[in-house]
>>> print(open('data_34.cif').read())   # mmCIF, C-alpha atoms
data_structure
#
loop_
_atom_site.label_atom_id
_atom_site.label_comp_id
_atom_site.auth_asym_id
_atom_site.auth_seq_id
_atom_site.Cartn_x
_atom_site.Cartn_y
_atom_site.Cartn_z
CA MET A 22 32.10 -9.86 68.56
CA LYS A 23 35.80 -9.54 69.23
CA GLU A 24 37.68 -12.82 69.39
CA ASN A 25 38.64 -13.74 72.97
CA ARG A 26 42.39 -14.42 72.87
CA LYS A 27 42.76 -14.72 76.63
CA VAL A 28 44.35 -18.05 77.56
CA LEU A 29 44.38 -19.88 80.87
CA ALA A 30 47.32 -22.33 80.99
CA VAL A 31 47.27 -24.86 83.83
CA ALA A 32 49.73 -27.49 85.06
CA SER A 33 50.48 -29.23 88.33
CA GLY A 34 53.96 -29.01 89.81
CA GLY A 35 56.75 -31.25 88.49
CA GLY A 36 56.98 -32.55 84.93
CA HIS A 37 53.57 -31.15 83.96
CA TRP A 38 54.72 -27.62 84.84
CA GLU A 39 58.10 -28.15 83.13
CA GLN A 40 56.28 -29.01 79.92
CA LEU A 41 53.92 -26.04 80.18
CA MET A 42 56.97 -23.80 80.64
CA LEU A 43 58.46 -25.24 77.44
CA LEU A 44 55.28 -24.02 75.66
CA ARG A 45 55.54 -20.62 77.30
CA PRO A 46 57.07 -18.75 74.33
CA THR A 47 54.01 -19.58 72.21
CA LEU A 48 51.52 -19.01 75.04
CA GLU A 49 53.00 -15.58 75.71
CA GLY A 50 52.05 -14.51 72.20
CA TYR A 51 48.56 -14.23 73.72
CA ASP A 52 47.03 -12.75 76.85
CA VAL A 53 47.99 -15.74 79.03
CA ARG A 54 47.43 -16.44 82.73
CA PHE A 55 49.26 -19.32 84.35
CA ALA A 56 47.90 -21.51 87.13
CA THR A 57 49.66 -24.25 89.06
CA THR A 58 49.60 -26.08 92.39
CA ASP A 59 52.45 -24.22 94.09
CA ALA A 60 52.95 -20.43 94.07
CA ALA A 61 56.74 -20.91 94.40
CA LEU A 62 56.83 -22.43 90.90
CA GLY A 63 55.54 -19.17 89.44
CA GLU A 64 58.14 -17.11 91.31
CA GLN A 65 60.87 -19.49 90.19
CA ARG A 66 60.02 -18.66 86.56
CA GLY A 67 59.44 -14.96 87.19
CA ILE A 68 55.68 -15.15 86.64
CA ALA A 69 54.30 -12.47 88.93
CA GLU A 70 50.64 -13.34 89.13
CA VAL A 71 50.37 -17.10 89.00
CA ASP A 72 47.04 -18.49 90.21
CA VAL A 73 47.20 -21.38 92.65
CA LEU A 74 44.96 -24.45 92.70
CA PRO A 75 45.01 -27.09 95.44
CA ASP A 76 46.58 -30.34 94.22
CA CYS A 77 44.24 -33.31 93.97
CA ASN A 78 43.71 -36.71 92.39
CA LYS A 79 40.90 -39.21 92.01
CA ASP A 80 41.79 -40.93 95.30
CA ARG A 81 41.09 -37.79 97.32
CA PRO A 82 37.48 -36.82 96.54
CA VAL A 83 37.28 -34.01 99.10
CA ALA A 84 40.43 -32.36 97.76
CA ALA A 85 39.12 -32.90 94.22
CA ALA A 86 35.82 -31.19 95.09
CA LEU A 87 37.68 -28.26 96.62
CA CYS A 88 39.94 -28.07 93.58
CA ALA A 89 36.88 -28.08 91.28
CA LEU A 90 35.48 -25.07 93.17
CA VAL A 91 38.78 -23.19 92.90
CA ALA A 92 38.95 -24.09 89.20
CA MET A 93 35.45 -22.69 88.65
CA ARG A 94 36.35 -19.48 90.50
CA LEU A 95 39.52 -19.14 88.43
CA VAL A 96 37.68 -19.55 85.15
CA LEU A 97 35.00 -17.05 86.18
CA LYS A 98 37.71 -14.60 87.25
CA HIS A 99 39.65 -14.69 83.97
CA ARG A 100 36.93 -15.71 81.48
CA PRO A 101 39.53 -17.19 79.10
CA GLY A 102 38.68 -17.92 75.48
CA THR A 103 41.01 -20.93 75.60
CA ILE A 104 42.10 -23.26 78.40
CA VAL A 105 45.19 -25.41 77.91
CA SER A 106 46.53 -28.00 80.34
CA THR A 107 49.53 -30.33 80.31
CA GLY A 108 48.07 -32.16 83.35
CA ALA A 109 47.13 -33.38 85.72
CA ALA A 110 43.78 -33.50 87.63
CA PRO A 111 43.61 -29.78 88.55
CA GLY A 112 44.14 -28.92 84.86
CA LEU A 113 41.36 -31.27 83.81
CA LEU A 114 39.03 -29.66 86.36
CA CYS A 115 39.81 -26.24 84.85
CA ILE A 116 38.93 -27.66 81.42
CA VAL A 117 35.60 -28.92 82.79
CA ALA A 118 34.94 -25.50 84.36
CA GLY A 119 35.84 -23.92 81.02
CA ARG A 120 33.25 -26.00 79.21
CA LEU A 121 30.60 -24.39 81.41
CA THR A 122 31.70 -20.88 80.37
CA GLY A 123 32.14 -21.70 76.68
CA ALA A 124 35.95 -21.74 76.51
CA ARG A 125 37.87 -23.78 73.92
CA THR A 126 39.72 -26.47 75.80
CA LEU A 127 42.89 -28.37 74.92
CA TRP A 128 44.49 -31.25 76.80
CA ILE A 129 48.15 -32.01 76.08
CA ASP A 130 49.02 -35.35 77.64
CA SER A 131 52.46 -35.50 79.30
CA VAL A 132 55.37 -36.71 77.18
CA ALA A 133 56.07 -39.09 80.08
CA ASN A 134 53.02 -41.10 78.99
CA GLY A 135 54.51 -43.05 76.11
CA GLU A 136 52.73 -46.34 76.78
CA GLU A 137 49.16 -45.15 77.22
CA LEU A 138 47.35 -41.91 77.92
CA SER A 139 47.21 -40.82 81.54
CA MET A 140 43.96 -41.37 83.43
CA CYS A 141 43.12 -37.68 83.03
CA GLY A 142 44.14 -37.85 79.38
CA LYS A 143 41.61 -40.60 78.79
CA LEU A 144 38.88 -38.54 80.48
CA SER A 145 39.91 -35.50 78.43
CA ARG A 146 38.97 -37.33 75.21
CA ARG A 147 35.36 -36.69 76.17
CA LEU A 148 35.72 -33.59 78.36
CA ALA A 149 38.05 -31.37 76.31
CA HIS A 150 37.49 -30.10 72.77
CA ALA A 151 40.80 -31.62 71.74
CA CYS A 152 43.23 -34.14 73.21
CA LEU A 153 46.86 -34.30 72.12
CA THR A 154 49.31 -37.09 72.86
CA GLN A 155 53.05 -36.47 72.46
CA TRP A 156 53.57 -39.99 71.09
CA GLU A 157 52.56 -40.78 67.53
CA HIS A 158 51.56 -44.40 68.20
CA LEU A 159 49.01 -43.30 70.83
CA ALA A 160 47.09 -41.29 68.22
CA ALA A 161 45.49 -44.43 66.72
CA ASP A 162 42.41 -43.53 68.80
CA PRO A 163 40.37 -41.14 66.58
CA ARG A 164 39.69 -38.88 69.56
CA VAL A 165 43.43 -38.44 70.21
CA HIS A 166 45.77 -36.45 68.00
CA TYR A 167 49.52 -36.18 67.59
CA ARG A 168 51.08 -32.84 66.64
CA GLY A 169 54.65 -33.25 67.86
CA SER A 170 56.03 -33.05 71.38
CA VAL A 171 57.84 -30.66 73.70
CA LEU A 172 61.04 -32.65 73.10
CA MET B 18 81.44 -33.14 88.02
CA ILE B 19 79.45 -35.90 86.35
CA LEU B 20 76.02 -36.49 87.86
CA VAL B 21 74.48 -39.96 87.62
CA THR B 22 70.76 -40.35 88.31
CA VAL B 23 68.27 -43.22 88.12
CA GLY B 24 65.19 -41.51 89.59
CA MET B 25 63.53 -42.18 92.92
CA GLN B 26 61.14 -45.01 92.05
CA LEU B 27 63.22 -48.02 91.07
CA ALA B 28 66.66 -49.57 91.29
CA PHE B 29 68.93 -49.47 88.24
CA ASP B 30 72.10 -51.11 89.54
CA ARG B 31 73.28 -52.06 86.03
CA LEU B 32 73.87 -48.36 85.31
CA ILE B 33 75.27 -47.61 88.77
CA ALA B 34 77.74 -50.54 88.62
CA ALA B 35 78.82 -49.63 85.08
CA MET B 36 79.43 -46.01 86.13
CA ASP B 37 81.33 -47.18 89.20
CA ALA B 38 83.62 -49.19 86.92
CA LEU B 39 84.18 -46.20 84.61
CA ALA B 40 84.55 -43.57 87.37
CA PRO B 41 88.32 -44.06 88.07
CA ASP B 42 89.11 -43.23 84.43
CA LEU B 43 86.93 -40.15 84.29
CA GLU B 44 88.30 -36.72 85.00
CA GLY B 45 86.70 -35.02 88.02
CA GLU B 46 84.19 -36.18 90.56
CA VAL B 47 81.31 -38.56 89.83
CA ILE B 48 78.24 -38.30 92.07
CA ALA B 49 75.44 -40.85 91.86
CA GLN B 50 71.79 -40.77 92.90
CA THR B 51 71.07 -44.48 93.21
CA GLY B 52 67.34 -44.69 94.04
CA LYS B 53 66.18 -48.05 95.34
CA GLY B 54 69.38 -49.87 94.29
CA THR B 55 71.50 -52.03 96.61
CA TYR B 56 74.85 -51.89 94.76
CA GLU B 57 77.35 -49.88 96.79
CA PRO B 58 79.70 -47.86 94.57
CA ALA B 59 83.40 -47.82 95.47
CA HIS B 60 84.62 -45.11 93.10
CA MET B 61 81.90 -42.47 93.27
CA SER B 62 79.99 -40.77 96.04
CA ALA B 63 76.46 -42.09 96.16
CA ARG B 64 73.18 -41.41 97.90
CA PRO B 65 69.74 -42.93 97.33
CA ALA B 66 67.86 -39.63 97.01
CA ILE B 67 68.69 -35.94 96.51
CA PRO B 68 66.07 -33.25 97.35
CA PRO B 69 64.82 -31.40 94.21
CA ALA B 70 66.35 -27.97 94.98
CA GLN B 71 69.74 -29.50 95.76
CA PHE B 72 69.49 -31.71 92.70
CA GLU B 73 68.96 -28.65 90.49
CA GLN B 74 72.05 -27.02 91.99
CA MET B 75 74.04 -30.16 91.24
CA VAL B 76 72.76 -30.26 87.67
CA LEU B 77 73.78 -26.62 87.31
CA GLY B 78 77.30 -27.45 88.50
CA SER B 79 77.66 -30.60 86.40
CA ARG B 80 79.51 -31.11 83.10
CA LEU B 81 77.39 -34.08 82.12
CA ILE B 82 74.37 -36.04 83.34
CA VAL B 83 74.27 -39.82 82.98
CA SER B 84 70.74 -41.10 83.51
CA HIS B 85 68.16 -43.80 82.98
CA ALA B 86 66.01 -42.85 79.97
CA GLY B 87 63.42 -41.07 82.12
CA ILE B 88 61.56 -38.05 80.75
CA GLY B 89 62.10 -36.12 84.01
CA SER B 90 65.87 -36.29 83.56
CA VAL B 91 65.62 -35.27 79.90
CA LEU B 92 63.45 -32.24 80.77
CA THR B 93 65.86 -31.20 83.55
CA ALA B 94 68.91 -31.50 81.30
CA GLN B 95 67.13 -29.48 78.61
CA ARG B 96 66.15 -26.79 81.10
CA PHE B 97 69.74 -26.28 82.25
CA ALA B 98 71.21 -26.85 78.76
CA LYS B 99 73.37 -29.76 79.98
CA PRO B 100 74.44 -32.71 77.84
CA ILE B 101 72.87 -35.99 78.96
CA VAL B 102 73.70 -39.66 78.36
CA LEU B 103 70.65 -41.94 78.47
CA MET B 104 70.74 -45.67 79.13
CA PRO B 105 67.31 -47.32 78.94
CA ARG B 106 65.96 -49.68 81.59
CA ARG B 107 65.05 -53.13 80.28
CA ALA B 108 61.92 -55.02 81.31
CA GLU B 109 63.53 -58.42 80.70
CA LEU B 110 66.16 -57.56 83.34
CA GLY B 111 63.47 -56.55 85.85
CA GLU B 112 64.43 -52.89 85.62
CA HIS B 113 60.97 -51.62 84.71
CA ARG B 114 57.53 -53.02 84.06
CA ASN B 115 57.93 -52.57 80.31
CA ASP B 116 60.35 -51.28 77.68
CA HIS B 117 59.02 -47.74 77.30
CA GLN B 118 62.49 -46.36 78.13
CA LEU B 119 63.80 -48.10 75.00
CA ALA B 120 61.21 -46.15 72.98
CA THR B 121 62.21 -42.92 74.72
CA ALA B 122 65.91 -43.53 74.04
CA ARG B 123 65.28 -44.34 70.36
CA LYS B 124 63.03 -41.30 69.94
CA LEU B 125 65.58 -38.92 71.44
CA ALA B 126 68.82 -40.36 70.01
CA GLY B 127 70.60 -37.80 67.87
CA ARG B 128 68.97 -34.74 69.46
CA SER B 129 71.24 -31.89 70.43
CA GLY B 130 72.94 -32.68 73.74
CA ILE B 131 71.45 -36.19 74.02
CA MET B 132 73.67 -39.28 73.77
CA VAL B 133 72.21 -42.77 73.97
CA ALA B 134 73.91 -45.90 75.30
CA MET B 135 71.61 -48.84 74.56
CA ASP B 136 73.52 -50.86 77.18
CA GLU B 137 76.60 -50.64 79.41
CA SER B 138 78.97 -51.62 76.56
CA GLU B 139 78.11 -48.33 74.81
CA LEU B 140 78.37 -46.23 77.96
CA ALA B 141 82.06 -45.21 77.82
CA ASP B 142 81.79 -43.95 74.23
CA ALA B 143 78.57 -42.09 74.95
CA ILE B 144 80.18 -40.41 77.98
CA HIS B 145 83.21 -39.32 76.00
CA GLU B 146 80.96 -37.92 73.31
CA GLY B 147 78.88 -36.17 75.98
CA LEU B 148 81.95 -34.61 77.61
CA SER B 149 83.03 -33.16 74.27
CA VAL B 150 79.70 -31.41 73.68
CA ARG B 151 80.45 -27.69 73.74
CA ASP B 152 77.04 -26.25 73.24
CA VAL B 153 73.61 -27.75 73.81
CA THR B 154 71.54 -25.77 71.36
CA ALA B 155 68.31 -24.42 72.72
CA ALA B 156 66.73 -24.45 69.26
CA PRO B 157 63.43 -26.36 69.38
CA SER B 158 63.31 -29.67 67.48
CA PRO B 159 61.00 -29.99 64.43
CA SER B 160 58.67 -32.00 66.66
CA ALA B 161 58.54 -29.17 69.23
CA GLN B 162 57.98 -26.61 66.47
CA ASN B 163 54.96 -28.63 65.31
CA LEU B 164 53.47 -28.68 68.78
CA HIS B 165 53.98 -24.92 69.22
CA ARG B 166 52.35 -24.28 65.85
CA SER B 167 49.36 -26.47 66.68
CA LEU B 168 48.93 -24.81 70.04
CA ALA B 169 48.91 -21.35 68.44
CA GLN B 170 46.45 -22.52 65.79
CA PHE B 171 44.15 -23.98 68.44
CA ILE B 172 44.17 -20.73 70.41
CA GLU B 173 43.39 -18.73 67.27
CA THR B 174 40.92 -21.01 65.47
CA GLY B 175 39.85 -23.73 67.90
CA ARG B 176 41.26 -26.33 65.49
CA LEU B 177 44.47 -28.29 65.76
#
>>> encode(input="data_34.cif", output="structure tokens")
Amino acid sequence: MKENRKVLAVASGGGHWEQLMLLRPTLEGYDVRFATTDAALGEQRGIAEVDVLPDCNKDRPVAAALCALVAMRLVLKHRPGTIVSTGAAPGLLCIVAGRLTGARTLWIDSVANGEELSMCGKLSRRLAHACLTQWEHLAADPRVHYRGSVL
Amino acid sequence: MILVTVGMQLAFDRLIAAMDALAPDLEGEVIAQTGKGTYEPAHMSARPAIPPAQFEQMVLGSRLIVSHAGIGSVLTAQRFAKPIVLMPRRAELGEHRNDHQLATARKLAGRSGIMVAMDESELADAIHEGLSVRDVTAAPSPSAQNLHRSLAQFIETGRL
């Protein structure tokens, strides 16, 4: 079977998206699709076909449920071999959807989280195949790894 | 123009007051985004908040950014290849809930285009160094190269 090198890369607007864009040169070595919470962010970076997810967080269960449905639809549409997210909740929901379709999933916790992992980062330790922190001292947890940072 | 920013969440009057004191001796305009602070600058134009699109335009037009040691500011400076001076907030002075900005400042000190002033006494020197930066290299740091390599390896093999 041919290796599936299609990648779905997901980040919410703001710092999460900024960090995903810093990883763009590597991601674009593969067949990558980007998804974010605001179509304008894709245009801003000249990404023609960015997929849009509704923003959500744990305090808005209805929005989160809607976002989970959109995430599932997105994953079924692209069938990526790998899903990568730099946060936040919509990215984690794509990772969960990816688990159901057999994708490899990677969480990269935001470099802004230098004291402890984000809430989603903590969940990703169990939900994603791999969880990266961008701060060496946060990799004491055996389920969390440090492999450098975007900075 | 020199752009001063302390983010939207919290006051950081120690930086704003120090910049206000330095502003008369600096060439060109100094504009400050002061957040929740109450100090009223006399020597620089100040406003509590600047909308994101306008802020980006101002960054684009700036010679130097002087900022609290917030990751958002660092990412913005990097994106527009602008030199940035970082001064960390201190928990003991009530400027943040903990000293994570000290860790950020220490981690980033010495990077291309990043100057660190650990407190206001080091600010003038850091600004002069920042103003003399000719070229903020876009070359990724060794740490960034590691992350890129691991990401590629994960996509190809499923292992970090």
>>> residues_around(input="data_34.cif", residues="A:Leu74", least_positions_apart="6", cutoff="9 Å", atoms="only C-alpha atoms", output="list in words")
Ser33, Ala56, Thr57, Thr58, Asp59, Cys88, Ala89, Val91, Ala92, Leu95 and Pro111 of chain A
>>> residues_near_point(input="data_34.cif", point="(65.1, -35.5, 71.2)", cutoff="10 Å", atoms="all atoms listed in the file", output="list in words")
Ser170, Val171 and Leu172 of chain A; Val91, Gln95, Thr121, Ala122, Arg123, Lys124, Leu125, Ala126, Gly127, Arg128, Ser129, Gly130, Ile131, Met132, Pro157, Ser158, Pro159, Ser160 and Ala161 of chain B
>>> closest_residue(input="data_34.cif", among="A:Cys141, A:Leu121, A:Ala30, A:Leu148", to="chain B", atoms="all atoms listed in the file")
A:Ala30
>>> residues_around(input="data_34.cif", residues="stretch 24-28 of chain A", least_positions_apart="2", cutoff="9 Å", atoms="all atoms listed in the file", output="compact mmCIF listing (two decimals) with C-alpha atoms, in the frame of the given file")
# COMPACT_ATOMS: atom_id res chain seq x y z
CA MET A 22 32.10 -9.86 68.56
CA ALA A 30 47.32 -22.33 80.99
CA LEU A 48 51.52 -19.01 75.04
CA TYR A 51 48.56 -14.23 73.72
CA ASP A 52 47.03 -12.75 76.85
CA VAL A 53 47.99 -15.74 79.03
CA ARG A 54 47.43 -16.44 82.73
CA PHE A 55 49.26 -19.32 84.35
CA HIS A 99 39.65 -14.69 83.97
CA ARG A 100 36.93 -15.71 81.48
CA PRO A 101 39.53 -17.19 79.10
CA GLY A 102 38.68 -17.92 75.48
CA THR A 103 41.01 -20.93 75.60
CA ILE A 104 42.10 -23.26 78.40
CA VAL A 105 45.19 -25.41 77.91
CA ILE B 172 44.17 -20.73 70.41
CA GLU B 173 43.39 -18.73 67.27
>>> closest_atom_pairs(input="data_34.cif", of="chain A", to="chain B", cutoff="10 Å", atoms="only C-alpha atoms", output="JSON lines")
{"residue": "A:Glu24", "atom": "CA", "partner": "B:Glu173", "partner_atom": "CA", "distance": 8.5}
{"residue": "A:Asn25", "atom": "CA", "partner": "B:Glu173", "partner_atom": "CA", "distance": 8.9}
{"residue": "A:Arg26", "atom": "CA", "partner": "B:Ile172", "partner_atom": "CA", "distance": 7.0}
{"residue": "A:Lys27", "atom": "CA", "partner": "B:Ile172", "partner_atom": "CA", "distance": 8.8}
{"residue": "A:Val28", "atom": "CA", "partner": "B:Ile172", "partner_atom": "CA", "distance": 7.6}
{"residue": "A:Gly35", "atom": "CA", "partner": "B:Gly89", "partner_atom": "CA", "distance": 8.5}
{"residue": "A:Gly36", "atom": "CA", "partner": "B:Gly89", "partner_atom": "CA", "distance": 6.3}
{"residue": "A:His37", "atom": "CA", "partner": "B:Gly89", "partner_atom": "CA", "distance": 9.9}
{"residue": "A:Glu39", "atom": "CA", "partner": "B:Leu92", "partner_atom": "CA", "distance": 7.1}
{"residue": "A:Gln40", "atom": "CA", "partner": "B:Leu92", "partner_atom": "CA", "distance": 7.9}
{"residue": "A:Met42", "atom": "CA", "partner": "B:Arg96", "partner_atom": "CA", "distance": 9.7}
{"residue": "A:Leu43", "atom": "CA", "partner": "B:Arg96", "partner_atom": "CA", "distance": 8.7}
{"residue": "A:Leu44", "atom": "CA", "partner": "B:His165", "partner_atom": "CA", "distance": 6.6}
{"residue": "A:Arg45", "atom": "CA", "partner": "B:His165", "partner_atom": "CA", "distance": 9.3}
{"residue": "A:Pro46", "atom": "CA", "partner": "B:His165", "partner_atom": "CA", "distance": 8.6}
{"residue": "A:Thr47", "atom": "CA", "partner": "B:His165", "partner_atom": "CA", "distance": 6.1}
{"residue": "A:Leu48", "atom": "CA", "partner": "B:Ala169", "partner_atom": "CA", "distance": 7.5}
{"residue": "A:Gly50", "atom": "CA", "partner": "B:Ala169", "partner_atom": "CA", "distance": 8.4}
{"residue": "A:Tyr51", "atom": "CA", "partner": "B:Ile172", "partner_atom": "CA", "distance": 8.5}
{"residue": "A:Gly102", "atom": "CA", "partner": "B:Ile172", "partner_atom": "CA", "distance": 8.0}
{"residue": "A:Thr103", "atom": "CA", "partner": "B:Ile172", "partner_atom": "CA", "distance": 6.1}
{"residue": "A:Ile104", "atom": "CA", "partner": "B:Ile172", "partner_atom": "CA", "distance": 8.6}
{"residue": "A:Val105", "atom": "CA", "partner": "B:Leu168", "partner_atom": "CA", "distance": 8.7}
{"residue": "A:Ala124", "atom": "CA", "partner": "B:Gly175", "partner_atom": "CA", "distance": 9.7}
{"residue": "A:Arg125", "atom": "CA", "partner": "B:Gly175", "partner_atom": "CA", "distance": 6.3}
{"residue": "A:Thr126", "atom": "CA", "partner": "B:Gly175", "partner_atom": "CA", "distance": 8.4}
{"residue": "A:Leu127", "atom": "CA", "partner": "B:Phe171", "partner_atom": "CA", "distance": 7.9}
{"residue": "A:Ile129", "atom": "CA", "partner": "B:Leu168", "partner_atom": "CA", "distance": 9.4}
{"residue": "A:Ser131", "atom": "CA", "partner": "B:Ile88", "partner_atom": "CA", "distance": 9.6}
{"residue": "A:Val132", "atom": "CA", "partner": "B:Ile88", "partner_atom": "CA", "distance": 7.3}
{"residue": "A:Ala133", "atom": "CA", "partner": "B:Ile88", "partner_atom": "CA", "distance": 5.6}
{"residue": "A:Asn134", "atom": "CA", "partner": "B:His117", "partner_atom": "CA", "distance": 9.1}
{"residue": "A:Gly135", "atom": "CA", "partner": "B:His117", "partner_atom": "CA", "distance": 6.6}
{"residue": "A:Glu136", "atom": "CA", "partner": "B:His117", "partner_atom": "CA", "distance": 6.5}
{"residue": "A:His150", "atom": "CA", "partner": "B:Gly175", "partner_atom": "CA", "distance": 8.4}
{"residue": "A:Ala151", "atom": "CA", "partner": "B:Leu177", "partner_atom": "CA", "distance": 7.8}
{"residue": "A:Cys152", "atom": "CA", "partner": "B:Leu177", "partner_atom": "CA", "distance": 9.6}
{"residue": "A:Leu153", "atom": "CA", "partner": "B:Leu177", "partner_atom": "CA", "distance": 9.1}
{"residue": "A:Gln155", "atom": "CA", "partner": "B:Leu164", "partner_atom": "CA", "distance": 8.6}
{"residue": "A:Trp156", "atom": "CA", "partner": "B:Lys124", "partner_atom": "CA", "distance": 9.6}
{"residue": "A:His166", "atom": "CA", "partner": "B:Leu177", "partner_atom": "CA", "distance": 8.6}
{"residue": "A:Tyr167", "atom": "CA", "partner": "B:Leu164", "partner_atom": "CA", "distance": 8.6}
{"residue": "A:Arg168", "atom": "CA", "partner": "B:Leu164", "partner_atom": "CA", "distance": 5.3}
{"residue": "A:Gly169", "atom": "CA", "partner": "B:Ser160", "partner_atom": "CA", "distance": 4.4}
{"residue": "A:Ser170", "atom": "CA", "partner": "B:Ala161", "partner_atom": "CA", "distance": 5.1}
{"residue": "A:Val171", "atom": "CA", "partner": "B:Ala161", "partner_atom": "CA", "distance": 4.8}
{"residue": "A:Leu172", "atom": "CA", "partner": "B:Ala161", "partner_atom": "CA", "distance": 5.8}
>>> resolve_selection(input="data_34.cif", expression="the PyMOL selection byres ((chain B and resi 149) around 12)", output="JSON, numbers by chain")
{"B": [80, 81, 99, 100, 101, 130, 131, 132, 142, 143, 144, 145, 146, 147, 148, 150, 151, 152, 153]}
>>> resolve_selection(input="data_34.cif", expression="the PyMOL selection byres ((chain B and resi 50-62) around 10)", output="ChimeraX atom specification")
/B:19-42,46-49,63-67,72,84
>>> atom_distance(input="data_34.cif", atom1="atom CA of A:Gln65", atom2="atom CA of A:Ala32")
14.6 Å
>>> atom_distance(input="data_34.cif", atom1="atom CA of A:Pro75", atom2="atom CA of A:Ala109")
11.8 Å
>>> atom_distance(input="data_34.cif", atom1="atom CA of B:Glu139", atom2="atom CA of B:Leu103")
10.5 Å
>>> closest_residue(input="data_34.cif", among="A:Ala149, A:Ala84, A:Ala110, A:Leu144", to="A:Gly123", atoms="only C-alpha atoms")
A:Ala149
>>> decode(input="data_34.cif", residues="stretch 42-76 of chain A", atoms="C-alpha atoms", output="PDB file, in the first residue's frame")
ATOM      1  CA  MET A  42       2.764  29.317   9.589  1.00  0.00           C
ATOM      2  CA  LEU A  43       6.323  29.158  10.947  1.00  0.00           C
ATOM      3  CA  LEU A  44       6.189  25.382  10.296  1.00  0.00           C
ATOM      4  CA  ARG A  45       4.805  25.928   6.812  1.00  0.00           C
ATOM      5  CA  PRO A  46       8.077  25.435   4.887  1.00  0.00           C
ATOM      6  CA  THR A  47       8.361  21.886   6.254  1.00  0.00           C
ATOM      7  CA  LEU A  48       4.644  21.128   5.913  1.00  0.00           C
ATOM      8  CA  GLU A  49       4.709  22.207   2.280  1.00  0.00           C
ATOM      9  CA  GLY A  50       7.206  19.464   1.532  1.00  0.00           C
ATOM     10  CA  TYR A  51       4.113  17.234   1.688  1.00  0.00           C
ATOM     11  CA  ASP A  52       0.588  17.316   0.291  1.00  0.00           C
ATOM     12  CA  VAL A  53      -0.699  19.676   3.000  1.00  0.00           C
ATOM     13  CA  ARG A  54      -4.143  21.197   3.590  1.00  0.00           C
ATOM     14  CA  PHE A  55      -4.500  24.004   6.096  1.00  0.00           C
ATOM     15  CA  ALA A  56      -7.513  24.587   8.325  1.00  0.00           C
ATOM     16  CA  THR A  57      -8.188  27.475  10.684  1.00  0.00           C
ATOM     17  CA  THR A  58     -11.020  29.390  12.338  1.00  0.00           C
ATOM     18  CA  ASP A  59     -11.086  32.393  10.004  1.00  0.00           C
ATOM     19  CA  ALA A  60     -10.936  32.243   6.183  1.00  0.00           C
ATOM     20  CA  ALA A  61      -9.273  35.695   6.094  1.00  0.00           C
ATOM     21  CA  LEU A  62      -6.168  34.219   7.750  1.00  0.00           C
ATOM     22  CA  GLY A  63      -5.676  31.899   4.794  1.00  0.00           C
ATOM     23  CA  GLU A  64      -6.023  34.739   2.290  1.00  0.00           C
ATOM     24  CA  GLN A  65      -3.587  36.839   4.302  1.00  0.00           C
ATOM     25  CA  ARG A  66      -0.931  34.153   3.777  1.00  0.00           C
ATOM     26  CA  GLY A  67      -1.888  33.420   0.178  1.00  0.00           C
ATOM     27  CA  ILE A  68      -3.329  29.982   0.936  1.00  0.00           C
ATOM     28  CA  ALA A  69      -6.087  29.581  -1.622  1.00  0.00           C
ATOM     29  CA  GLU A  70      -8.103  26.708  -0.244  1.00  0.00           C
ATOM     30  CA  VAL A  71      -8.003  26.980   3.511  1.00  0.00           C
ATOM     31  CA  ASP A  72     -10.696  24.981   5.314  1.00  0.00           C
ATOM     32  CA  VAL A  73     -12.621  26.793   8.029  1.00  0.00           C
ATOM     33  CA  LEU A  74     -13.704  25.372  11.384  1.00  0.00           C
ATOM     34  CA  PRO A  75     -15.951  27.210  13.849  1.00  0.00           C
ATOM     35  CA  ASP A  76     -13.992  28.400  16.893  1.00  0.00           C
TER      36      ASP A  76
END
